[in-house]
file input03.txt (compact mmCIF, C-alpha atoms and all ligand atoms)
# COMPACT_ATOMS: atom_id res chain seq x y z
CA MET A 1 5.42 -54.60 80.82
CA SER A 2 6.82 -57.04 78.29
CA GLN A 3 6.14 -60.74 78.96
CA ILE A 4 9.81 -61.59 78.48
CA PHE A 5 10.93 -58.88 80.93
CA GLU A 6 8.35 -60.09 83.47
CA THR A 7 9.45 -63.74 83.24
CA ASP A 8 13.12 -62.72 83.41
CA GLN A 9 12.56 -60.63 86.53
CA GLN A 10 10.44 -63.28 88.23
CA TYR A 11 13.50 -65.51 88.66
CA LEU A 12 16.44 -63.09 88.63
CA MET A 13 17.62 -61.77 91.97
CA PRO A 14 17.10 -58.05 92.54
CA GLY A 15 20.16 -55.86 92.13
CA ILE A 16 20.51 -55.71 88.35
CA GLN A 17 21.89 -52.58 86.66
CA GLN A 18 19.56 -49.56 86.85
CA ILE A 19 19.72 -49.06 83.11
CA ALA A 20 18.10 -52.48 82.68
CA SER A 21 15.58 -52.29 85.52
CA ARG A 22 14.38 -48.78 84.69
CA SER A 23 14.24 -49.14 80.91
CA GLN A 24 12.72 -52.66 81.06
CA LEU A 25 14.18 -53.15 77.60
CA VAL A 26 14.24 -56.59 76.02
CA ILE A 27 16.96 -56.51 73.40
CA GLU A 28 16.57 -58.73 70.37
CA ARG A 29 19.61 -57.91 68.26
CA GLY A 30 22.30 -55.34 67.51
CA GLU A 31 24.42 -54.13 64.62
CA GLY A 32 27.28 -51.63 64.90
CA ALA A 33 26.17 -48.97 67.39
CA VAL A 34 22.44 -49.72 67.06
CA LEU A 35 20.27 -52.07 69.11
CA TRP A 36 16.72 -53.29 68.40
CA ASP A 37 14.18 -54.31 71.01
CA GLU A 38 11.71 -57.18 70.78
CA GLU A 39 9.17 -54.93 69.04
CA GLY A 40 11.61 -53.82 66.37
CA LYS A 41 12.20 -50.30 67.78
CA SER A 42 15.79 -49.16 67.22
CA TYR A 43 18.07 -47.38 69.70
CA ILE A 44 21.39 -45.61 69.26
CA ASP A 45 23.67 -47.30 71.76
CA LEU A 46 25.64 -44.72 73.80
CA PHE A 47 26.08 -47.29 76.58
CA ALA A 48 27.79 -50.31 74.98
CA GLY A 49 27.17 -52.45 78.09
CA VAL A 50 29.24 -49.93 80.10
CA GLY A 51 31.95 -49.68 77.47
CA VAL A 52 32.04 -53.42 76.83
CA CYS A 53 30.95 -53.43 73.19
CA SER A 54 34.05 -51.95 71.57
CA ILE A 55 33.95 -52.96 67.88
CA GLY A 56 30.15 -52.87 67.61
CA HIS A 57 27.37 -55.40 67.83
CA SER A 58 27.46 -58.50 65.60
CA HIS A 59 30.67 -57.58 63.81
CA PRO A 60 30.92 -60.21 61.00
CA ARG A 61 34.63 -60.91 61.54
CA PHE A 62 34.07 -61.35 65.28
CA VAL A 63 31.14 -63.72 64.71
CA ALA A 64 33.05 -65.76 62.12
CA THR A 65 36.16 -66.13 64.32
CA ILE A 66 34.20 -67.33 67.34
CA THR A 67 32.07 -69.67 65.26
CA GLU A 68 35.16 -71.24 63.72
CA GLN A 69 36.72 -71.76 67.15
CA LEU A 70 33.46 -73.20 68.57
CA ASN A 71 33.72 -76.00 66.04
CA LYS A 72 37.28 -76.83 67.14
CA VAL A 73 37.67 -76.71 70.94
CA ILE A 74 36.37 -74.46 73.71
CA VAL A 75 37.94 -75.83 76.91
CA GLY A 76 41.18 -74.22 78.01
CA SER A 77 44.30 -75.03 80.10
CA PHE A 78 46.46 -76.14 77.14
CA SER A 79 48.11 -73.87 74.61
CA THR A 80 46.02 -73.09 71.56
CA LYS A 81 46.87 -71.35 68.31
CA VAL A 82 44.39 -68.53 68.96
CA ARG A 83 45.79 -67.76 72.40
CA ALA A 84 49.38 -67.78 71.11
CA GLU A 85 48.36 -65.44 68.29
CA TYR A 86 46.53 -63.20 70.73
CA GLY A 87 49.54 -62.95 73.08
CA GLU A 88 51.76 -61.93 70.20
CA LEU A 89 49.33 -59.31 68.88
CA LEU A 90 48.64 -57.96 72.37
CA ALA A 91 52.37 -57.53 73.06
CA SER A 92 52.64 -55.48 69.86
CA VAL A 93 50.21 -52.84 71.20
CA THR A 94 51.06 -52.71 74.92
CA PRO A 95 53.50 -50.13 76.32
CA GLU A 96 57.20 -50.93 75.92
CA ASN A 97 58.43 -53.98 77.85
CA MET A 98 54.90 -54.85 78.95
CA ASP A 99 54.83 -58.14 77.10
CA ARG A 100 53.65 -60.59 79.76
CA TYR A 101 49.95 -61.15 80.24
CA GLN A 102 47.59 -63.45 82.13
CA LEU A 103 43.90 -63.91 81.41
CA PHE A 104 40.89 -64.12 83.70
CA SER A 105 37.12 -63.95 83.30
CA CYS A 106 35.96 -60.65 84.78
CA GLY A 107 37.44 -57.35 85.85
CA SER A 108 37.21 -57.97 89.59
CA GLU A 109 39.11 -61.24 89.25
CA ALA A 110 41.91 -59.51 87.34
CA VAL A 111 42.06 -56.71 89.94
CA GLU A 112 42.41 -59.36 92.68
CA ALA A 113 45.22 -60.97 90.69
CA ALA A 114 46.99 -57.61 90.38
CA LEU A 115 46.88 -57.25 94.17
CA ARG A 116 48.35 -60.75 94.61
CA LEU A 117 51.08 -59.92 92.09
CA ALA A 118 51.94 -56.67 93.90
CA ARG A 119 52.22 -58.41 97.26
CA SER A 120 54.29 -61.20 95.68
CA TYR A 121 56.77 -58.75 94.19
CA THR A 122 57.06 -56.12 96.90
CA LYS A 123 56.53 -58.39 99.94
CA LYS A 124 54.61 -55.45 101.37
CA SER A 125 50.96 -55.36 102.32
CA ASN A 126 49.10 -52.06 101.89
CA PHE A 127 47.21 -50.64 98.92
CA LEU A 128 46.41 -47.01 98.24
CA SER A 129 43.40 -46.18 96.09
CA PHE A 130 41.00 -43.28 95.56
CA TRP A 131 37.72 -41.71 96.61
CA GLY A 132 35.14 -42.26 93.88
CA GLY A 133 37.13 -45.18 92.43
CA PHE A 134 35.54 -48.44 91.36
CA HIS A 135 37.45 -51.70 90.90
CA GLY A 136 34.89 -54.48 91.25
CA LYS A 137 32.66 -56.25 93.77
CA THR A 138 34.75 -59.13 95.07
CA LEU A 139 35.85 -58.39 98.63
CA GLY A 140 39.48 -57.55 97.82
CA ALA A 141 38.49 -55.29 94.94
CA LEU A 142 35.72 -53.79 97.04
CA GLY A 143 38.36 -52.78 99.60
CA LEU A 144 39.89 -50.56 96.91
CA CYS A 145 36.61 -48.89 96.01
CA GLY A 146 35.87 -45.36 97.15
CA VAL A 147 32.10 -45.78 96.85
CA ASP A 148 29.54 -45.72 99.65
CA PHE A 149 27.80 -49.04 99.10
CA LYS A 150 30.90 -50.96 100.21
CA ASN A 151 30.32 -49.76 103.77
CA ASP A 152 27.37 -52.13 104.13
CA TYR A 153 29.67 -55.12 103.61
CA GLN A 154 31.90 -54.54 106.62
CA PRO A 155 34.30 -55.85 107.70
CA LEU A 156 36.36 -55.55 104.54
CA PRO A 157 39.89 -57.00 104.47
CA PRO A 158 42.54 -54.83 106.15
CA GLY A 159 45.33 -53.10 104.21
CA TYR A 160 43.35 -50.55 102.18
CA THR A 161 43.66 -46.77 102.40
CA LYS A 162 41.84 -44.24 100.25
CA VAL A 163 42.71 -40.65 99.41
CA PRO A 164 41.03 -38.00 97.20
CA TYR A 165 41.17 -38.43 93.42
CA ALA A 166 41.96 -35.39 91.26
CA GLU A 167 38.27 -34.74 90.67
CA CYS A 168 38.80 -30.99 90.34
CA TYR A 169 35.10 -30.10 90.00
CA HIS A 170 34.66 -31.42 93.55
CA CYS A 171 38.06 -30.59 95.03
CA PRO A 172 37.86 -31.42 98.77
CA PHE A 173 40.65 -28.90 99.40
CA ASN A 174 38.64 -26.13 97.70
CA LEU A 175 41.58 -25.39 95.44
CA LYS A 176 41.87 -24.78 91.71
CA TYR A 177 44.16 -26.61 89.29
CA PRO A 178 47.00 -25.87 88.49
CA GLU A 179 47.51 -23.42 91.41
CA CYS A 180 46.77 -26.32 93.79
CA LYS A 181 50.02 -27.97 92.66
CA LEU A 182 48.19 -31.29 92.99
CA ALA A 183 47.47 -30.96 96.71
CA CYS A 184 45.69 -34.34 96.48
CA VAL A 185 48.96 -36.10 95.56
CA ASP A 186 50.71 -34.28 98.39
CA PHE A 187 48.02 -35.52 100.74
CA ALA A 188 48.51 -39.06 99.41
CA ARG A 189 52.26 -38.81 100.10
CA LYS A 190 51.67 -37.70 103.68
CA THR A 191 49.13 -40.48 104.18
CA ILE A 192 51.63 -43.10 103.02
CA GLU A 193 54.27 -41.67 105.35
CA GLN A 194 52.11 -41.12 108.41
CA GLU A 195 49.48 -43.84 108.28
CA LEU A 196 51.25 -46.62 106.40
CA LYS A 197 54.78 -45.85 107.59
CA GLY A 198 55.90 -46.40 103.99
CA ASN A 199 54.57 -49.97 103.86
CA LEU A 200 52.95 -49.73 100.44
CA ALA A 201 52.60 -52.61 97.96
CA ALA A 202 50.80 -50.63 95.24
CA ILE A 203 48.87 -47.58 94.22
CA VAL A 204 45.76 -48.66 92.30
CA VAL A 205 44.17 -46.02 90.09
CA GLU A 206 41.75 -45.59 87.20
CA PRO A 207 43.21 -43.24 84.54
CA MET A 208 39.76 -41.66 84.48
CA GLN A 209 37.00 -42.61 86.90
CA GLY A 210 34.30 -44.36 84.92
CA THR A 211 31.73 -45.35 87.54
CA ASN A 212 32.16 -41.99 89.24
CA GLY A 213 30.84 -40.32 86.07
CA ASN A 214 33.66 -40.35 83.52
CA VAL A 215 35.81 -37.97 85.55
CA ILE A 216 38.99 -36.87 83.74
CA PRO A 217 41.90 -35.87 86.01
CA PRO A 218 44.48 -33.24 84.96
CA ALA A 219 47.23 -34.63 82.73
CA THR A 220 49.84 -34.31 85.50
CA PHE A 221 47.96 -36.52 87.99
CA LEU A 222 49.06 -39.95 86.79
CA PRO A 223 52.72 -38.94 86.27
CA ALA A 224 52.71 -37.62 89.85
CA LEU A 225 51.34 -40.95 91.08
CA ARG A 226 54.06 -42.74 89.10
CA GLN A 227 56.65 -40.75 91.00
CA LEU A 228 54.89 -41.37 94.30
CA ALA A 229 54.78 -45.15 93.79
CA SER A 230 58.46 -45.22 92.82
CA ASP A 231 59.43 -43.14 95.86
CA PHE A 232 57.99 -45.86 98.13
CA ASP A 233 59.18 -48.85 96.03
CA ALA A 234 55.57 -49.69 95.35
CA LEU A 235 53.94 -50.77 92.08
CA LEU A 236 51.69 -48.49 90.06
CA ILE A 237 48.67 -50.57 89.02
CA VAL A 238 46.54 -48.79 86.45
CA ASP A 239 43.00 -50.15 86.19
CA GLU A 240 42.26 -49.79 82.48
CA ILE A 241 39.23 -52.07 82.58
CA ILE A 242 37.13 -49.30 81.05
CA THR A 243 39.81 -47.22 79.34
CA GLY A 244 41.85 -49.99 77.68
CA PHE A 245 41.75 -50.81 73.96
CA GLY A 246 40.99 -47.38 72.56
CA ARG A 247 38.19 -46.03 74.71
CA THR A 248 39.98 -42.74 75.50
CA GLY A 249 41.37 -42.28 71.99
CA GLN A 250 44.65 -44.04 72.85
CA MET A 251 45.16 -47.81 72.88
CA PHE A 252 45.88 -47.52 76.63
CA ALA A 253 45.26 -44.32 78.57
CA SER A 254 48.40 -44.88 80.65
CA ASP A 255 50.74 -45.51 77.69
CA SER A 256 53.08 -42.61 78.27
CA PRO A 257 56.76 -42.52 79.33
CA ASP A 258 55.94 -40.30 82.30
CA ILE A 259 53.35 -42.79 83.64
CA ASN A 260 55.07 -46.04 82.74
CA PRO A 261 52.69 -48.30 84.70
CA ASP A 262 53.98 -51.48 86.36
CA VAL A 263 50.75 -53.40 85.89
CA ILE A 264 47.77 -52.67 83.63
CA VAL A 265 44.46 -54.37 84.35
CA VAL A 266 42.10 -54.83 81.39
CA GLY A 267 38.63 -56.26 80.76
CA LYS A 268 35.32 -55.00 79.38
CA GLY A 269 35.98 -53.95 75.74
CA MET A 270 38.79 -56.47 75.36
CA ALA A 271 36.60 -59.09 73.66
CA ASN A 272 33.57 -57.03 72.68
CA GLY A 273 31.26 -58.63 75.26
CA LEU A 274 32.66 -62.08 75.91
CA PRO A 275 33.85 -62.51 79.51
CA ILE A 276 37.59 -61.99 79.55
CA SER A 277 39.93 -59.80 81.58
CA GLY A 278 43.65 -59.67 82.06
CA LEU A 279 46.83 -58.38 83.63
CA ILE A 280 49.61 -56.90 81.57
CA SER A 281 53.07 -56.49 83.08
CA ASN A 282 56.72 -57.29 82.50
CA ASP A 283 58.99 -60.28 83.11
CA GLU A 284 60.38 -59.03 86.39
CA PHE A 285 57.10 -58.36 88.21
CA SER A 286 55.20 -61.32 86.83
CA SER A 287 57.96 -63.76 87.85
CA ALA A 288 57.51 -62.96 91.54
CA GLU A 289 56.40 -65.83 93.76
CA PRO A 290 53.96 -67.05 94.97
CA PHE A 291 52.13 -65.45 92.02
CA ALA A 292 54.44 -67.22 89.55
CA LYS A 293 54.38 -70.65 91.24
CA PRO A 294 52.55 -73.47 89.39
CA SER A 295 48.80 -72.65 89.36
CA GLY A 296 49.56 -69.38 91.16
CA SER A 297 48.20 -67.10 88.47
CA SER A 298 45.85 -69.39 86.54
CA SER A 299 42.05 -69.78 86.67
CA SER A 300 39.50 -72.27 85.30
CA PHE A 301 38.17 -70.23 82.40
CA GLY A 302 41.01 -67.72 81.98
CA GLY A 303 42.15 -67.51 78.36
CA ASN A 304 40.03 -70.42 77.12
CA PRO A 305 40.01 -70.78 73.32
CA ILE A 306 36.64 -69.09 72.77
CA VAL A 307 37.43 -65.92 74.69
CA SER A 308 40.94 -65.88 73.23
CA ALA A 309 39.40 -66.04 69.73
CA ALA A 310 36.99 -63.26 70.66
CA ALA A 311 39.80 -61.09 72.05
CA LEU A 312 41.95 -61.76 68.99
CA ALA A 313 39.17 -60.80 66.56
CA THR A 314 38.35 -57.71 68.62
CA LEU A 315 41.93 -56.44 68.66
CA GLN A 316 42.39 -57.19 64.94
CA VAL A 317 39.26 -55.18 64.14
CA ILE A 318 40.32 -52.32 66.44
CA LEU A 319 43.62 -52.13 64.53
CA ASP A 320 42.40 -52.81 60.99
CA GLU A 321 39.42 -50.44 61.21
CA ASN A 322 41.35 -47.67 63.01
CA LEU A 323 38.91 -47.62 65.91
CA VAL A 324 41.37 -45.93 68.28
CA GLU A 325 41.55 -43.02 65.84
CA ASN A 326 37.76 -43.08 65.42
CA SER A 327 37.35 -42.93 69.20
CA GLN A 328 39.62 -39.88 69.26
CA LYS A 329 37.99 -38.16 66.30
CA VAL A 330 34.29 -38.78 66.98
CA GLY A 331 34.91 -38.38 70.72
CA SER A 332 36.48 -34.90 70.30
CA TRP A 333 33.60 -33.79 68.07
CA PHE A 334 30.99 -35.14 70.50
CA LEU A 335 32.69 -33.54 73.51
CA GLN A 336 32.88 -30.17 71.80
CA GLU A 337 29.15 -30.31 70.93
CA LEU A 338 28.13 -31.47 74.40
CA GLN A 339 30.24 -28.80 76.09
CA LYS A 340 27.87 -26.25 74.51
CA PHE A 341 25.19 -27.72 76.81
CA GLN A 342 27.00 -25.99 79.70
CA GLU A 343 25.92 -22.63 78.25
CA CYS A 344 22.48 -23.73 77.01
CA TYR A 345 20.96 -25.46 80.03
CA PRO A 346 20.73 -24.18 83.62
CA PHE A 347 21.06 -27.72 85.01
CA VAL A 348 24.26 -28.74 83.17
CA GLY A 349 27.22 -28.09 85.47
CA LYS A 350 30.20 -29.72 83.78
CA VAL A 351 30.92 -31.69 80.63
CA GLN A 352 34.25 -33.52 80.40
CA GLY A 353 35.66 -36.36 78.36
CA LYS A 354 38.43 -38.05 76.47
CA GLY A 355 37.89 -40.14 73.35
CA LEU A 356 34.54 -41.90 73.49
CA THR A 357 34.23 -41.43 77.24
CA ILE A 358 32.14 -38.42 78.13
CA GLY A 359 30.68 -37.35 81.46
CA ILE A 360 27.95 -34.75 82.00
CA GLU A 361 27.27 -33.52 85.50
CA LEU A 362 23.82 -32.16 86.30
CA ASN A 363 23.40 -29.70 89.17
CA ARG A 364 20.90 -27.30 90.67
CA ASP A 365 22.04 -23.74 89.89
CA LYS A 366 25.30 -25.18 88.51
CA ASP A 367 26.40 -25.79 92.11
CA PRO A 368 28.72 -28.85 92.21
CA ASN A 369 27.43 -29.63 95.69
CA ARG A 370 23.79 -29.87 94.60
CA PRO A 371 23.24 -32.87 92.31
CA LEU A 372 20.07 -32.61 90.21
CA GLU A 373 17.12 -34.33 91.90
CA LYS A 374 16.51 -38.00 91.10
CA GLU A 375 12.96 -37.25 89.98
CA ILE A 376 14.32 -35.11 87.14
CA THR A 377 17.20 -37.38 86.17
CA ASN A 378 14.81 -40.34 86.00
CA GLU A 379 12.63 -38.25 83.71
CA ILE A 380 15.64 -37.47 81.49
CA PHE A 381 16.33 -41.19 81.27
CA ASP A 382 12.73 -42.13 80.42
CA ARG A 383 12.48 -39.43 77.75
CA THR A 384 15.84 -40.44 76.27
CA ILE A 385 14.77 -44.06 75.98
CA ARG A 386 11.51 -42.96 74.31
CA ALA A 387 13.63 -40.89 71.89
CA GLY A 388 15.57 -44.03 70.92
CA ILE A 389 18.83 -43.35 72.78
CA ILE A 390 20.35 -45.69 75.36
CA MET A 391 22.70 -43.98 77.79
CA MET A 392 23.43 -43.93 81.52
CA CYS A 393 21.51 -40.82 82.46
CA TYR A 394 19.34 -41.93 85.38
CA GLY A 395 21.59 -40.12 87.88
CA ALA A 396 23.15 -36.66 88.19
CA LYS A 397 26.35 -37.91 86.54
CA ILE A 398 25.58 -38.95 82.97
CA ARG A 399 27.98 -41.37 81.32
CA ILE A 400 28.34 -41.67 77.56
CA ASN A 401 30.46 -44.48 76.11
CA PRO A 402 29.25 -45.75 72.74
CA PRO A 403 30.92 -48.55 70.75
CA LEU A 404 34.24 -47.31 69.33
CA CYS A 405 32.92 -47.78 65.78
CA ILE A 406 30.16 -45.16 66.10
CA SER A 407 30.14 -42.75 63.16
CA GLN A 408 29.85 -38.98 63.53
CA GLU A 409 26.65 -39.21 61.48
CA LEU A 410 25.03 -41.48 64.06
CA GLY A 411 26.46 -39.29 66.82
CA GLU A 412 24.74 -36.29 65.21
CA LYS A 413 21.38 -38.10 65.32
CA ALA A 414 21.95 -38.90 69.00
CA LEU A 415 22.92 -35.29 69.69
CA VAL A 416 19.72 -33.93 68.09
CA ALA A 417 17.62 -36.36 70.17
CA MET A 418 19.49 -35.41 73.36
CA GLN A 419 18.97 -31.70 72.65
CA ALA A 420 15.23 -32.27 72.25
CA VAL A 421 15.08 -34.12 75.59
CA PHE A 422 17.16 -31.45 77.38
CA ASP A 423 14.99 -28.67 75.85
CA SER A 424 11.85 -30.37 77.13
CA ILE A 425 13.36 -30.78 80.62
CA ALA A 426 14.41 -27.11 80.68
CA ASN A 427 10.88 -26.21 79.64
CA ASP A 428 9.09 -28.41 82.17
CA TYR A 429 11.28 -28.04 85.27
CA PHE A 430 13.16 -24.72 85.09
C1 LIG A 501 37.46 -49.56 86.40
C2 LIG A 501 36.79 -50.86 86.72
N1 LIG A 501 37.48 -51.81 87.35
C3 LIG A 501 36.91 -53.01 87.64
C4 LIG A 501 35.59 -53.29 87.31
C5 LIG A 501 35.00 -54.62 87.64
O1 LIG A 501 34.80 -55.36 86.48
P1 LIG A 501 33.78 -56.58 86.46
O2 LIG A 501 32.41 -56.04 86.59
O3 LIG A 501 34.02 -57.22 85.11
O4 LIG A 501 34.15 -57.49 87.58
C6 LIG A 501 34.84 -52.31 86.68
C7 LIG A 501 33.44 -52.56 86.35
O5 LIG A 501 32.65 -51.68 86.04
C8 LIG A 501 35.45 -51.06 86.38
O6 LIG A 501 34.75 -50.07 85.78
call {"tool": "encode", "arguments": {"input": "input03.txt", "output": "structure tokens"}}
result
Amino acid sequence: MSQIFETDQQYLMPGIQQIASRSQLVIERGEGAVLWDEEGKSYIDLFAGVGVCSIGHSHPRFVATITEQLNKVIVGSFSTKVRAEYGELLASVTPENMDRYQLFSCGSEAVEAALRLARSYTKKSNFLSFWGGFHGKTLGALGLCGVDFKNDYQPLPPGYTKVPYAECYHCPFNLKYPECKLACVDFARKTIEQELKGNLAAIVVEPMQGTNGNVIPPATFLPALRQLASDFDALLIVDEIITGFGRTGQMFASDSPDINPDVIVVGKGMANGLPISGLISNDEFSSAEPFAKPSGSSSSFGGNPIVSAAALATLQVILDENLVENSQKVGSWFLQELQKFQECYPFVGKVQGKGLTIGIELNRDKDPNRPLEKEITNEIFDRTIRAGIIMMCYGAKIRINPPLCISQELGEKALVAMQAVFDSIANDYF
């Protein structure tokens, strides 16, 4: 074990991300979509800090912009040139009429703010969210999550109801899309009517479920939720913390006239690794009180000059270097190649994706109800790290989300290494 890793772990609390604890990597530096460890070994980064590193590691324009701002002022509250410039540029890429924003420091904090905004505007109390969804670890955000670990933190605040997501590979109704006619949305409608008696402040949804394994719902799911929210005079809050800023091959996954979100929550890739998150909405919703009262929406670090500079440089690079298009192009190629794994390997059940967000589900006998054993998935992870690839493959749902700047050439190298690992697993375990 590395001395640095040992010292780090001696003082850190347990509970760090599995990718860090299992790999025991000590990262020294990064460039583009490549990372180097303390011994100089290089790794192709298909992880990007869970989709955080959007424009690539150590981008020169990003470094220069932050450095320049560091030498001016870093404490926030007042208006600064960089934040004003950022607001203007952001409004130019957000969906129509969504030209109000507020900044926070992490995704969970922005999700909490979205809930406060929804209650301020609608004067109603309940939230509807989805099985398998993840929205953060603060208690309000945790209430929205459809993941098991939240159950150990009971009691959670009241006012949260969860219904099945359109995760068709695991349809709880045992139906097939499109014959199902979105039975999950029908179920959600009945739940709002029967359990909530129509008292609904907002539907909160990820356009694709990242933490649940990069699950892509059918294209009609979000438009149907739009309709559902409108039918109950509730807001549609789309959590684009992972998907925002090009990750799915569109600037925002929910930017479509038939989804027309009321609030978009962003974070992660917004400033390429610096802690910033935000809400995007319109004049009408964001003027609702108490959210809009003095100090009602602000926070200590939200939108400080350094993170504003980082977000500005990130968005400029995304636009100037056509990274949304790159995400679409390299992502489509990668998905097509990885979908061949479904035919080649007996333990690959489903490969799905959009842009540079790809999920691979590993099953025994291709049975969706039998996730591949942890012993084997851990082995896949260890072999992948040894092969110089960093990706979230320590569980039965593999997540691939490289920096948006990754080239197809580098993707090809990663693909060859992945094939070698999968071949060796097929050989040794099947
Ligand atoms: C969709 C989504 N929402 C919210 C969050 C919480 O963000 P943070 O960890 O920055 O609080 C995450 C984090 O993974 C996420 O994936």
call {"tool": "residues_around", "arguments": {"input": "input03.txt", "residues": "A:Glu373", "least_positions_apart": "6", "cutoff": "12 Å", "atoms": "only C-alpha atoms", "output": "PyMOL selection string"}}
result
chain A and resi 347+362-365+379-380+394-397+429
call {"tool": "closest_residue", "arguments": {"input": "input03.txt", "among": "A:Phe245, A:Tyr43, A:Phe285, A:Trp333", "to": "A:Gly267", "atoms": "all atoms listed in the file"}}
result
A:Phe245
call {"tool": "closest_residue", "arguments": {"input": "input03.txt", "among": "A:Pro60, A:Pro371, A:Gly198, A:Pro155", "to": "A:Glu31", "atoms": "only C-alpha atoms"}}
result
A:Pro60
call {"tool": "closest_residue", "arguments": {"input": "input03.txt", "among": "A:Ala33, A:Arg383, A:Ala253, A:Ala309", "to": "A:Gln408", "atoms": "only C-alpha atoms"}}
result
A:Ala33
call {"tool": "axis_aligned_box", "arguments": {"input": "input03.txt", "around": "ligand LIG 501 (chain A)", "padding_each_side": "8 Å", "output": "lines of an AutoDock Vina configuration file"}}
result
center_x = 34.9
center_y = -53.5
center_z = 86.4
size_x = 21.1
size_y = 23.9
size_z = 18.5
call {"tool": "residues_around", "arguments": {"input": "input03.txt", "residues": "A:Trp131", "least_positions_apart": "4", "cutoff": "9 Å", "atoms": "only C-alpha atoms", "output": "list in words"}}
result
Cys145, Gly146, Val147, Lys162, Val163, Pro164 and Tyr165 of chain A
call {"tool": "residues_near_ligand", "arguments": {"input": "input03.txt", "ligand": "ligand LIG 501 (chain A)", "cutoff": "6 Å", "atoms": "only C-alpha atoms and all ligand atoms", "output": "list in words"}}
result
Cys106, Gly107, Ser108, Phe134, His135, Gly136, Glu206, Gly210, Thr211, Asp239, Ile241 and Ile242 of chain A
call {"tool": "atom_distance", "arguments": {"input": "input03.txt", "atom1": "atom CA of A:Ile360", "atom2": "atom CA of A:Leu338"}}
result
8.3 Å
call {"tool": "residues_around", "arguments": {"input": "input03.txt", "residues": "A:Cys171", "least_positions_apart": "3", "cutoff": "12 Å", "atoms": "all atoms listed in the file", "output": "list in words"}}
result
Trp131, Val163, Pro164, Tyr165, Ala166, Glu167, Cys168, Asn174, Leu175, Lys176, Tyr177, Cys180, Leu182, Ala183, Cys184, Pro217, Pro368 and Asn369 of chain A
call {"tool": "build_atoms", "arguments": {"input": "input03.txt", "residues": "stretch 322-334 of chain A", "atoms": "N, CA and C atoms", "output": "PDB file, in the coordinates of the input"}}
result
ATOM      1  N   ASN A 322      40.900 -48.951  62.410  1.00  0.00           N
ATOM      2  CA  ASN A 322      41.350 -47.670  63.010  1.00  0.00           C
ATOM      3  C   ASN A 322      40.368 -47.148  64.055  1.00  0.00           C
ATOM      4  N   LEU A 323      39.937 -48.041  64.945  1.00  0.00           N
ATOM      5  CA  LEU A 323      38.910 -47.620  65.910  1.00  0.00           C
ATOM      6  C   LEU A 323      39.479 -46.736  67.027  1.00  0.00           C
ATOM      7  N   VAL A 324      40.784 -46.834  67.276  1.00  0.00           N
ATOM      8  CA  VAL A 324      41.370 -45.930  68.280  1.00  0.00           C
ATOM      9  C   VAL A 324      41.288 -44.496  67.743  1.00  0.00           C
ATOM     10  N   GLU A 325      41.613 -44.346  66.457  1.00  0.00           N
ATOM     11  CA  GLU A 325      41.550 -43.020  65.840  1.00  0.00           C
ATOM     12  C   GLU A 325      40.088 -42.538  65.788  1.00  0.00           C
ATOM     13  N   ASN A 326      39.176 -43.470  65.478  1.00  0.00           N
ATOM     14  CA  ASN A 326      37.760 -43.080  65.420  1.00  0.00           C
ATOM     15  C   ASN A 326      37.274 -42.611  66.798  1.00  0.00           C
ATOM     16  N   SER A 327      37.728 -43.311  67.827  1.00  0.00           N
ATOM     17  CA  SER A 327      37.350 -42.930  69.200  1.00  0.00           C
ATOM     18  C   SER A 327      37.827 -41.503  69.484  1.00  0.00           C
ATOM     19  N   GLN A 328      39.050 -41.211  69.032  1.00  0.00           N
ATOM     20  CA  GLN A 328      39.620 -39.880  69.260  1.00  0.00           C
ATOM     21  C   GLN A 328      38.840 -38.818  68.464  1.00  0.00           C
ATOM     22  N   LYS A 329      38.583 -39.142  67.217  1.00  0.00           N
ATOM     23  CA  LYS A 329      37.990 -38.160  66.300  1.00  0.00           C
ATOM     24  C   LYS A 329      36.506 -37.904  66.639  1.00  0.00           C
ATOM     25  N   VAL A 330      35.724 -38.964  66.699  1.00  0.00           N
ATOM     26  CA  VAL A 330      34.290 -38.780  66.980  1.00  0.00           C
ATOM     27  C   VAL A 330      34.113 -38.289  68.431  1.00  0.00           C
ATOM     28  N   GLY A 331      34.982 -38.797  69.317  1.00  0.00           N
ATOM     29  CA  GLY A 331      34.910 -38.380  70.720  1.00  0.00           C
ATOM     30  C   GLY A 331      35.159 -36.878  70.880  1.00  0.00           C
ATOM     31  N   SER A 332      36.167 -36.347  70.187  1.00  0.00           N
ATOM     32  CA  SER A 332      36.480 -34.900  70.300  1.00  0.00           C
ATOM     33  C   SER A 332      35.315 -34.080  69.780  1.00  0.00           C
ATOM     34  N   TRP A 333      34.740 -34.522  68.627  1.00  0.00           N
ATOM     35  CA  TRP A 333      33.600 -33.790  68.070  1.00  0.00           C
ATOM     36  C   TRP A 333      32.425 -33.797  69.058  1.00  0.00           C
ATOM     37  N   PHE A 334      32.144 -34.985  69.606  1.00  0.00           N
ATOM     38  CA  PHE A 334      30.990 -35.140  70.500  1.00  0.00           C
ATOM     39  C   PHE A 334      31.184 -34.279  71.761  1.00  0.00           C
TER      40      PHE A 334
END
